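The structure file protein12.cif is reproduced below (mmCIF, C-alpha atoms).
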data_coords
loop_
_atom_site.group_PDB
_atom_site.id
_atom_site.type_symbol
_atom_site.label_atom_id
_atom_site.label_comp_id
_atom_site.auth_asym_id
_atom_site.auth_seq_id
_atom_site.Cartn_x
_atom_site.Cartn_y
_atom_site.Cartn_z
ATOM 1 C CA MET S 1 26.616 -90.170 -48.617
ATOM 2 C CA LYS S 2 30.299 -90.427 -47.764
ATOM 3 C CA LYS S 3 32.023 -91.430 -44.550
ATOM 4 C CA GLY S 4 32.989 -87.783 -44.016
ATOM 5 C CA ASP S 5 29.314 -86.814 -44.042
ATOM 6 C CA ILE S 6 28.467 -89.234 -41.267
ATOM 7 C CA ILE S 7 31.360 -87.977 -39.146
ATOM 8 C CA LEU S 8 30.292 -84.391 -39.833
ATOM 9 C CA LEU S 9 26.660 -85.076 -38.872
ATOM 10 C CA ALA S 10 27.783 -86.834 -35.703
ATOM 11 C CA VAL S 11 30.053 -83.921 -34.761
ATOM 12 C CA ILE S 12 27.214 -81.419 -35.331
ATOM 13 C CA CYS S 13 24.868 -83.494 -33.159
ATOM 14 C CA VAL S 14 27.463 -83.652 -30.385
ATOM 15 C CA ILE S 15 28.024 -79.880 -30.542
ATOM 16 C CA ALA S 16 24.268 -79.200 -30.405
ATOM 17 C CA ALA S 17 23.830 -81.577 -27.469
ATOM 18 C CA ALA S 18 26.836 -80.104 -25.631
ATOM 19 C CA LEU S 19 25.481 -76.580 -26.108
ATOM 20 C CA ALA S 20 22.027 -77.657 -24.921
ATOM 21 C CA VAL S 21 23.474 -79.261 -21.798
ATOM 22 C CA PHE S 22 25.678 -76.227 -21.168
ATOM 23 C CA PHE S 23 22.748 -73.812 -21.480
ATOM 24 C CA LEU S 24 20.441 -75.933 -19.331
ATOM 25 C CA TYR S 25 23.123 -76.138 -16.685
ATOM 26 C CA THR S 26 24.016 -72.449 -16.647
ATOM 27 C CA GLU S 27 20.452 -71.204 -16.984
ATOM 28 C CA LYS S 28 19.375 -73.097 -13.888
ATOM 29 C CA GLY S 29 19.706 -70.328 -11.351
ATOM 30 C CA GLY S 30 20.065 -66.571 -11.344
ATOM 31 C CA LYS S 31 23.128 -64.921 -9.931
ATOM 32 C CA THR S 32 21.941 -62.073 -7.728
ATOM 33 C CA LEU S 33 19.045 -61.133 -5.515
ATOM 34 C CA LEU S 34 17.564 -57.655 -5.793
ATOM 35 C CA VAL S 35 15.746 -56.333 -2.766
ATOM 36 C CA LYS S 36 13.363 -53.542 -3.687
ATOM 37 C CA VAL S 37 11.333 -51.346 -1.385
ATOM 38 C CA ASP S 38 8.908 -48.844 -2.908
ATOM 39 C CA ASN S 39 10.204 -49.939 -6.326
ATOM 40 C CA GLU S 40 13.732 -48.841 -5.506
ATOM 41 C CA ILE S 41 16.601 -51.291 -5.326
ATOM 42 C CA ILE S 42 18.021 -51.000 -1.827
ATOM 43 C CA TYR S 43 20.187 -54.127 -1.689
ATOM 44 C CA GLU S 44 21.865 -56.442 -4.158
ATOM 45 C CA TYR S 45 23.298 -59.738 -2.897
ATOM 46 C CA PRO S 46 24.988 -62.663 -4.669
ATOM 47 C CA LEU S 47 23.050 -65.920 -4.269
ATOM 48 C CA ASP S 48 26.070 -68.077 -3.534
ATOM 49 C CA THR S 49 26.551 -66.868 0.045
ATOM 50 C CA ASP S 50 23.935 -67.672 2.656
ATOM 51 C CA ARG S 51 22.657 -64.693 4.618
ATOM 52 C CA ARG S 52 19.731 -63.212 6.478
ATOM 53 C CA ILE S 53 18.375 -59.869 5.315
ATOM 54 C CA ASP S 54 16.525 -57.837 7.940
ATOM 55 C CA LEU S 55 14.230 -55.187 6.589
ATOM 56 C CA GLU S 56 11.936 -52.843 8.486
ATOM 57 C CA HIS S 57 8.904 -55.164 8.308
ATOM 58 C CA ASN S 58 10.265 -58.318 6.668
ATOM 59 C CA THR S 59 13.083 -60.797 6.974
ATOM 60 C CA ALA S 60 14.407 -62.571 3.900
ATOM 61 C CA VAL S 61 16.879 -65.444 3.807
ATOM 62 C CA ILE S 62 19.344 -66.636 1.184
ATOM 63 C CA GLU S 63 20.121 -70.309 1.697
ATOM 64 C CA ASN S 64 21.720 -72.808 -0.732
ATOM 65 C CA SER S 65 21.287 -70.348 -3.628
ATOM 66 C CA GLU S 66 17.567 -70.118 -2.890
ATOM 67 C CA VAL S 67 15.657 -67.164 -1.498
ATOM 68 C CA TYR S 68 12.608 -67.157 0.726
ATOM 69 C CA MET S 69 10.769 -64.720 2.947
ATOM 70 C CA TYR S 70 11.335 -65.857 6.494
ATOM 71 C CA SER S 71 8.862 -63.521 8.143
ATOM 72 C CA ALA S 72 6.628 -60.533 7.551
ATOM 73 C CA ASP S 73 4.582 -58.435 9.943
ATOM 74 C CA CYS S 74 1.640 -58.147 7.578
ATOM 75 C CA LYS S 75 -1.685 -59.948 7.944
ATOM 76 C CA ASN S 76 -1.912 -61.982 4.760
ATOM 77 C CA GLN S 77 1.587 -63.553 4.833
ATOM 78 C CA ILE S 78 1.403 -64.145 1.093
ATOM 79 C CA CYS S 79 5.119 -63.498 0.664
ATOM 80 C CA VAL S 80 6.032 -66.044 3.312
ATOM 81 C CA LYS S 81 3.726 -68.615 1.711
ATOM 82 C CA THR S 82 5.260 -68.008 -1.725
ATOM 83 C CA GLY S 83 8.077 -70.345 -0.795
ATOM 84 C CA LYS S 84 11.546 -70.550 -2.293
ATOM 85 C CA ILE S 85 12.714 -68.938 -5.509
ATOM 86 C CA SER S 86 15.984 -69.538 -7.337
ATOM 87 C CA LYS S 87 15.486 -68.970 -11.060
ATOM 88 C CA LYS S 88 16.170 -65.846 -13.032
ATOM 89 C CA GLY S 89 13.120 -63.553 -13.175
ATOM 90 C CA GLU S 90 11.281 -65.141 -10.231
ATOM 91 C CA SER S 91 10.114 -62.868 -7.459
ATOM 92 C CA ILE S 92 8.468 -62.723 -4.059
ATOM 93 C CA VAL S 93 6.196 -59.777 -3.406
ATOM 94 C CA CYS S 94 4.978 -58.369 -0.117
ATOM 95 C CA LEU S 95 2.358 -55.886 -1.166
ATOM 96 C CA PRO S 96 1.428 -54.402 2.226
ATOM 97 C CA ASN S 97 5.050 -53.454 2.949
ATOM 98 C CA ARG S 98 5.902 -52.722 -0.694
ATOM 99 C CA VAL S 99 8.840 -55.161 -0.614
ATOM 100 C CA VAL S 100 9.924 -57.120 -3.693
ATOM 101 C CA LEU S 101 12.596 -59.823 -3.791
ATOM 102 C CA GLU S 102 13.654 -60.470 -7.337
ATOM 103 C CA ILE S 103 16.312 -62.719 -8.875
ATOM 104 C CA LYS S 104 18.427 -61.289 -11.665
ATOM 105 C CA MET O 1 24.752 -68.888 -86.562
ATOM 106 C CA PRO O 2 27.655 -66.385 -86.063
ATOM 107 C CA SER O 3 29.549 -66.975 -82.851
ATOM 108 C CA GLU O 4 28.873 -63.478 -81.433
ATOM 109 C CA GLN O 5 25.158 -63.967 -81.621
ATOM 110 C CA GLY O 6 25.638 -67.414 -80.192
ATOM 111 C CA SER O 7 27.314 -66.111 -77.034
ATOM 112 C CA ALA O 8 24.675 -63.407 -76.661
ATOM 113 C CA GLY O 9 22.039 -66.089 -77.051
ATOM 114 C CA ASN O 10 23.746 -68.129 -74.373
ATOM 115 C CA LYS O 11 23.755 -65.157 -72.041
ATOM 116 C CA VAL O 12 20.055 -64.599 -72.551
ATOM 117 C CA LYS O 13 19.397 -68.279 -72.084
ATOM 118 C CA LYS O 14 21.357 -68.268 -68.826
ATOM 119 C CA LEU O 15 19.508 -65.192 -67.616
ATOM 120 C CA CYS O 16 16.198 -66.871 -68.388
ATOM 121 C CA VAL O 17 17.200 -70.001 -66.514
ATOM 122 C CA TRP O 18 18.230 -67.911 -63.494
ATOM 123 C CA ALA O 19 14.954 -65.991 -63.581
ATOM 124 C CA LEU O 20 13.028 -69.234 -63.867
ATOM 125 C CA LEU O 21 14.919 -70.744 -60.938
ATOM 126 C CA THR O 22 14.273 -67.612 -58.866
ATOM 127 C CA ALA O 23 10.573 -68.081 -59.540
ATOM 128 C CA VAL O 24 10.839 -71.748 -58.521
ATOM 129 C CA CYS O 25 12.554 -70.649 -55.287
ATOM 130 C CA LEU O 26 9.740 -68.242 -54.471
ATOM 131 C CA ILE O 27 7.103 -70.889 -55.151
ATOM 132 C CA THR O 28 8.843 -73.516 -53.014
ATOM 133 C CA GLY O 29 9.019 -70.901 -50.258
ATOM 134 C CA TYR O 30 5.251 -70.513 -50.524
ATOM 135 C CA ILE O 31 4.547 -74.257 -50.635
ATOM 136 C CA GLU O 32 6.765 -74.655 -47.607
ATOM 137 C CA SER O 33 4.763 -72.130 -45.650
ATOM 138 C CA LEU O 34 1.772 -74.458 -46.195
ATOM 139 C CA LEU O 35 3.592 -77.512 -44.805
ATOM 140 C CA SER O 36 5.079 -75.637 -41.905
ATOM 141 C CA LEU O 37 7.329 -77.387 -39.409
ATOM 142 C CA ALA O 38 6.599 -74.636 -36.907
ATOM 143 C CA PHE O 39 4.635 -77.037 -34.709
ATOM 144 C CA ILE O 40 7.896 -78.850 -33.955
ATOM 145 C CA ALA O 41 9.971 -75.766 -33.247
ATOM 146 C CA PRO O 42 8.919 -72.180 -33.951
ATOM 147 C CA GLY O 43 10.573 -70.568 -36.939
ATOM 148 C CA VAL O 44 11.915 -73.793 -38.424
ATOM 149 C CA LYS O 45 11.635 -74.341 -42.179
ATOM 150 C CA ILE O 46 13.015 -77.056 -44.453
ATOM 151 C CA GLY O 47 14.455 -74.470 -46.804
ATOM 152 C CA LEU O 48 13.630 -76.273 -50.036
ATOM 153 C CA ALA O 49 14.607 -73.162 -51.981
ATOM 154 C CA ASN O 50 18.172 -73.754 -50.854
ATOM 155 C CA SER O 51 18.301 -76.919 -52.920
ATOM 156 C CA ILE O 52 18.307 -74.692 -55.996
ATOM 157 C CA ALA O 53 21.286 -72.710 -54.732
ATOM 158 C CA CYS O 54 22.880 -76.021 -53.826
ATOM 159 C CA VAL O 55 22.330 -77.527 -57.289
ATOM 160 C CA LEU O 56 23.695 -74.380 -58.945
ATOM 161 C CA VAL O 57 26.822 -74.401 -56.774
ATOM 162 C CA PHE O 58 27.549 -78.057 -57.447
ATOM 163 C CA SER O 59 26.849 -77.842 -61.164
ATOM 164 C CA GLY O 60 29.512 -75.125 -61.327
ATOM 165 C CA ASP O 61 27.311 -72.073 -61.867
ATOM 166 C CA ILE O 62 28.563 -70.029 -58.921
ATOM 167 C CA LYS O 63 27.505 -66.696 -60.413
ATOM 168 C CA GLY O 64 24.034 -68.107 -60.902
ATOM 169 C CA ALA O 65 23.895 -69.411 -57.333
ATOM 170 C CA VAL O 66 24.721 -65.958 -55.937
ATOM 171 C CA ALA O 67 22.355 -64.179 -58.351
ATOM 172 C CA VAL O 68 19.400 -66.512 -57.799
ATOM 173 C CA ASN O 69 19.837 -66.625 -54.040
ATOM 174 C CA LEU O 70 20.135 -62.858 -53.740
ATOM 175 C CA SER O 71 17.113 -62.167 -55.947
ATOM 176 C CA ARG O 72 15.088 -64.788 -54.119
ATOM 177 C CA ILE O 73 15.895 -63.211 -50.748
ATOM 178 C CA LEU O 74 15.206 -59.648 -51.884
ATOM 179 C CA LEU O 75 11.988 -60.596 -53.694
ATOM 180 C CA SER O 76 10.562 -62.726 -50.915
ATOM 181 C CA ALA O 77 11.303 -59.955 -48.407
ATOM 182 C CA LEU O 78 9.525 -57.476 -50.680
ATOM 183 C CA LEU O 79 6.560 -59.780 -51.249
ATOM 184 C CA PHE O 80 6.044 -61.453 -47.886
ATOM 185 C CA GLY O 81 8.558 -60.026 -45.429
ATOM 186 C CA SER O 82 9.818 -57.001 -43.584
ATOM 187 C CA PRO O 83 13.219 -55.281 -43.172
ATOM 188 C CA VAL O 84 13.790 -57.511 -40.135
ATOM 189 C CA SER O 85 13.040 -60.718 -42.034
ATOM 190 C CA LEU O 86 15.307 -59.452 -44.812
ATOM 191 C CA ALA O 87 18.205 -59.140 -42.354
ATOM 192 C CA PHE O 88 17.583 -62.694 -41.151
ATOM 193 C CA SER O 89 17.375 -64.146 -44.657
ATOM 194 C CA LEU O 90 20.417 -62.268 -45.917
ATOM 195 C CA ALA O 91 22.571 -63.448 -43.025
ATOM 196 C CA GLY O 92 21.373 -67.036 -43.398
ATOM 197 C CA GLY O 93 21.636 -67.087 -47.182
ATOM 198 C CA ALA O 94 25.128 -65.600 -47.181
ATOM 199 C CA ALA O 95 26.346 -68.022 -44.513
ATOM 200 C CA SER O 96 25.030 -71.161 -46.204
ATOM 201 C CA LEU O 97 26.146 -70.101 -49.670
ATOM 202 C CA CYS O 98 29.677 -69.284 -48.450
ATOM 203 C CA THR O 99 29.859 -72.646 -46.677
ATOM 204 C CA MET O 100 28.880 -74.514 -49.815
ATOM 205 C CA LEU O 101 31.271 -72.539 -52.019
ATOM 206 C CA LEU O 102 34.169 -73.117 -49.629
ATOM 207 C CA LEU O 103 33.560 -76.819 -49.045
ATOM 208 C CA LYS O 104 32.586 -77.699 -52.608
ATOM 209 C CA LYS O 105 36.118 -78.770 -53.465
ATOM 210 C CA VAL O 106 36.681 -80.849 -50.318
ATOM 211 C CA PRO O 107 36.582 -84.493 -51.473
ATOM 212 C CA PHE O 108 35.948 -85.743 -47.940
ATOM 213 C CA PHE O 109 32.291 -84.643 -47.999
ATOM 214 C CA SER O 110 29.397 -85.231 -50.369
ATOM 215 C CA VAL O 111 26.566 -82.837 -51.225
ATOM 216 C CA ILE O 112 24.563 -84.066 -48.239
ATOM 217 C CA GLY O 113 27.204 -83.276 -45.627
ATOM 218 C CA ILE O 114 28.073 -79.906 -47.141
ATOM 219 C CA SER O 115 24.424 -78.934 -47.330
ATOM 220 C CA ALA O 116 23.910 -80.029 -43.717
ATOM 221 C CA LEU O 117 26.792 -77.833 -42.569
ATOM 222 C CA GLY O 118 25.407 -75.018 -44.717
ATOM 223 C CA GLY O 119 22.070 -75.427 -42.922
ATOM 224 C CA VAL O 120 23.745 -75.328 -39.524
ATOM 225 C CA LEU O 121 25.694 -72.166 -40.334
ATOM 226 C CA HIS O 122 22.579 -70.654 -41.927
ATOM 227 C CA ASN O 123 20.779 -71.015 -38.619
ATOM 228 C CA ALA O 124 23.798 -69.950 -36.575
ATOM 229 C CA ALA O 125 24.000 -66.740 -38.607
ATOM 230 C CA GLN O 126 20.288 -66.152 -38.073
ATOM 231 C CA CYS O 127 20.775 -66.723 -34.371
ATOM 232 C CA ALA O 128 23.509 -64.050 -34.403
ATOM 233 C CA VAL O 129 21.066 -61.636 -36.038
ATOM 234 C CA GLY O 130 18.524 -62.610 -33.391
ATOM 235 C CA ILE O 131 21.027 -61.728 -30.677
ATOM 236 C CA ALA O 132 21.600 -58.364 -32.351
ATOM 237 C CA PHE O 133 17.849 -57.675 -32.379
ATOM 238 C CA ILE O 134 16.551 -59.108 -29.117
ATOM 239 C CA GLY O 135 19.658 -59.667 -27.003
ATOM 240 C CA MET O 136 21.494 -62.643 -25.542
ATOM 241 C CA GLY O 137 18.253 -64.528 -24.817
ATOM 242 C CA ALA O 138 18.261 -65.722 -28.425
ATOM 243 C CA VAL O 139 21.411 -67.748 -27.830
ATOM 244 C CA TYR O 140 19.459 -70.334 -25.811
ATOM 245 C CA TYR O 141 17.647 -71.344 -28.987
ATOM 246 C CA LEU O 142 20.922 -72.168 -30.715
ATOM 247 C CA PRO O 143 21.065 -75.931 -29.925
ATOM 248 C CA VAL O 144 17.584 -76.421 -31.416
ATOM 249 C CA LEU O 145 18.529 -74.347 -34.433
ATOM 250 C CA ILE O 146 21.742 -76.304 -34.966
ATOM 251 C CA PHE O 147 19.906 -79.610 -34.818
ATOM 252 C CA PHE O 148 17.161 -78.591 -37.243
ATOM 253 C CA GLY O 149 19.652 -76.792 -39.480
ATOM 254 C CA MET O 150 21.518 -80.065 -39.782
ATOM 255 C CA SER O 151 18.450 -82.230 -40.444
ATOM 256 C CA CYS O 152 16.883 -79.843 -42.935
ATOM 257 C CA GLY O 153 20.236 -79.165 -44.581
ATOM 258 C CA ALA O 154 20.834 -82.893 -45.015
ATOM 259 C CA ALA O 155 17.335 -83.307 -46.511
ATOM 260 C CA VAL O 156 17.995 -80.448 -48.925
ATOM 261 C CA GLY O 157 21.377 -81.981 -49.780
ATOM 262 C CA PHE O 158 19.751 -85.344 -50.471
ATOM 263 C CA LEU O 159 17.240 -83.699 -52.786
ATOM 264 C CA SER O 160 20.003 -81.738 -54.529
ATOM 265 C CA ALA O 161 22.056 -84.891 -55.021
ATOM 266 C CA LEU O 162 19.050 -86.525 -56.736
ATOM 267 C CA ILE O 163 18.584 -83.522 -59.014
ATOM 268 C CA LEU O 164 22.310 -83.363 -59.839
ATOM 269 C CA LYS O 165 22.326 -87.059 -60.745
ATOM 270 C CA ARG O 166 19.477 -86.565 -63.200
ATOM 271 C CA MET O 167 21.085 -83.436 -64.648
ATOM 272 C CA LYS O 168 24.243 -85.412 -65.458
ATOM 273 C CA LYS O 169 22.216 -88.098 -67.194
ATOM 274 C CA GLY O 170 20.176 -85.638 -69.239
#

For this file, write the structure as structure tokens.
Amino acid sequence: MKKGDIILLAVICVIAAALAVFFLYTEKGGKTLLVKVDNEIIYEYPLDTDRRIDLEHNTAVIENSEVYMYSADCKNQICVKTGKISKKGESIVCLPNRVVLEIK
Amino acid sequence: MPSEQGSAGNKVKKLCVWALLTAVCLITGYIESLLSLAFIAPGVKIGLANSIACVLVFSGDIKGAVAVNLSRILLSALLFGSPVSLAFSLAGGAASLCTMLLLKKVPFFSVIGISALGGVLHNAAQCAVGIAFIGMGAVYYLPVLIFFGMSCGAAVGFLSALILKRMKKG
């Protein structure tokens, strides 16, 4: 084992750690919200601007890069109770009104 | 013994040694599958067979290193693998072998460091193949692959250094 080896191993470790940190940091949240009704994408919004999305039966809110269903006129309120989503692939579904909020 | 026959005999001897080493590679591959590291991280192997390529490179038999490595990869894909696993092994084998051949002459590093870097690039190349097959999602596995490529590569290098030391003595 030479001195060069130790430096090399240290550099590799640092690169692996830096990559891991970079991926963990960038993977944290998705970038856009897809609003689907009847399985068709009707809106696409970036997550970095806060807004309120009024649909026929539901109201969704984007706030601090998180999405939640503010209200729904259905009986079960499952979508409202789902809470906040922010990660890629997460979704909120309102089955009675056939509304899906999905993060891409 | 006339010199012509002697050189032919040498050739045959070399060929036999390469064939023997290829067989050793295949067997180590099998033994390794019994002591799998997959419980630590899926898909991770020590790569003991690479120590043979490593020893061949550092004992100066570059032709042998390429021949043995290539036959090992093709044979193990035929015996245990699939076209997909062949693509992964070829990319990894080529990357690590090229690394070792290029860095062999650099006096700054010993066998251990060069083998560790070979392991890292072996896994990086496999990650690139993974991206080609399943998309960018594979890139998130890269840090893990780099780390284990380094550890396993260093272990293989250590083993190779031991073998090389004994070869010099003998």

Original post:
For chain O, which residues have at least one atom within 7 Å of chain S, if we go by all atoms listed in the file? Write them as a ChimeraX atom specification, please.
Top reply: /O:108-110,112-113,140,143,146-147

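The set of residues that the PyMOL selection byres ((chain S and resi 92) around 9) takes from this file is S:Val67, S:Tyr68, S:Met69, S:Ile78, S:Cys79, S:Val80, S:Thr82, S:Gly83, S:Lys84, S:Ile85, S:Glu90, S:Ser91, S:Val93, S:Cys94, S:Val99, S:Val100, S:Leu101, S:Glu102.
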
**OP:** Find the spatial neighbours of O:Lys168, counting only C-alpha atoms, within a cut-off of 12 Å - ignore same-chain residues fewer than 5 positions away - and output them as a VMD selection string.
**Re:** chain O and resid 55 58 to 59 161 to 163

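Note that the spacing between atom CA of O:Ser85 and atom CA of O:Lys45 amounts to 13.7 Å.
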
**OP:** For the structure provided, state which residues fall under the PyMOL selection byres ((chain O and resi 115-129) around 9), and present them as a ChimeraX atom specification.
**Re:** /S:5,8-9,12 /O:47,50-51,54,87-100,110-114,130-134,138-139,141-142,145-158,160

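Within the file as shown, the PyMOL selection byres ((chain S and resi 51) around 10) identifies Tyr45, Pro46, Leu47, Asp48, Thr49, Asp50, Arg52, Ile53, Asp54, Ala60, Val61, Ile62, Glu63, Asn64 and Val67 of chain S.
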
Subject >> Test item: residues at most 7 Å from stretch 19-22 of chain O, all atoms listed in the file, excluding those fewer than 4 positions along its chain, as a PyMOL selection string >> reply: chain O and resi 15+26+68+71-72

Original post:
What does the distance between atom CA of S:Ile103 and atom CA of S:Val35 come to in Å, to one decimal place?
Top reply: 8.9 Å

**OP:** In Å, rounded to a single decimal, give me how far atom CA of O:Met167 is from atom CA of O:Gly60.
**Re:** 12.3 Å

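Using only C-alpha atoms, the shortest contact distance between O:Gly81 and any of O:Lys14, O:Gly137, O:Gly29, O:Leu37 is found at O:Gly29.
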
Put the listed atoms of stretch 29-42 of chain S in a box along x, y and z with 8 Å added on every side and give me the centre and edge lengths in Å to one decimal, as AutoDock Vina command-line options.
--center_x 16.0 --center_y -59.6 --center_z -6.4 --size_x 30.2 --size_y 37.5 --size_z 26.0

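When all atoms listed in the file are used to compute distances to O:Leu70, the closest of the residues O:Ile31, O:Val17, O:Val84, O:Ala53 turns out to be O:Ala53.
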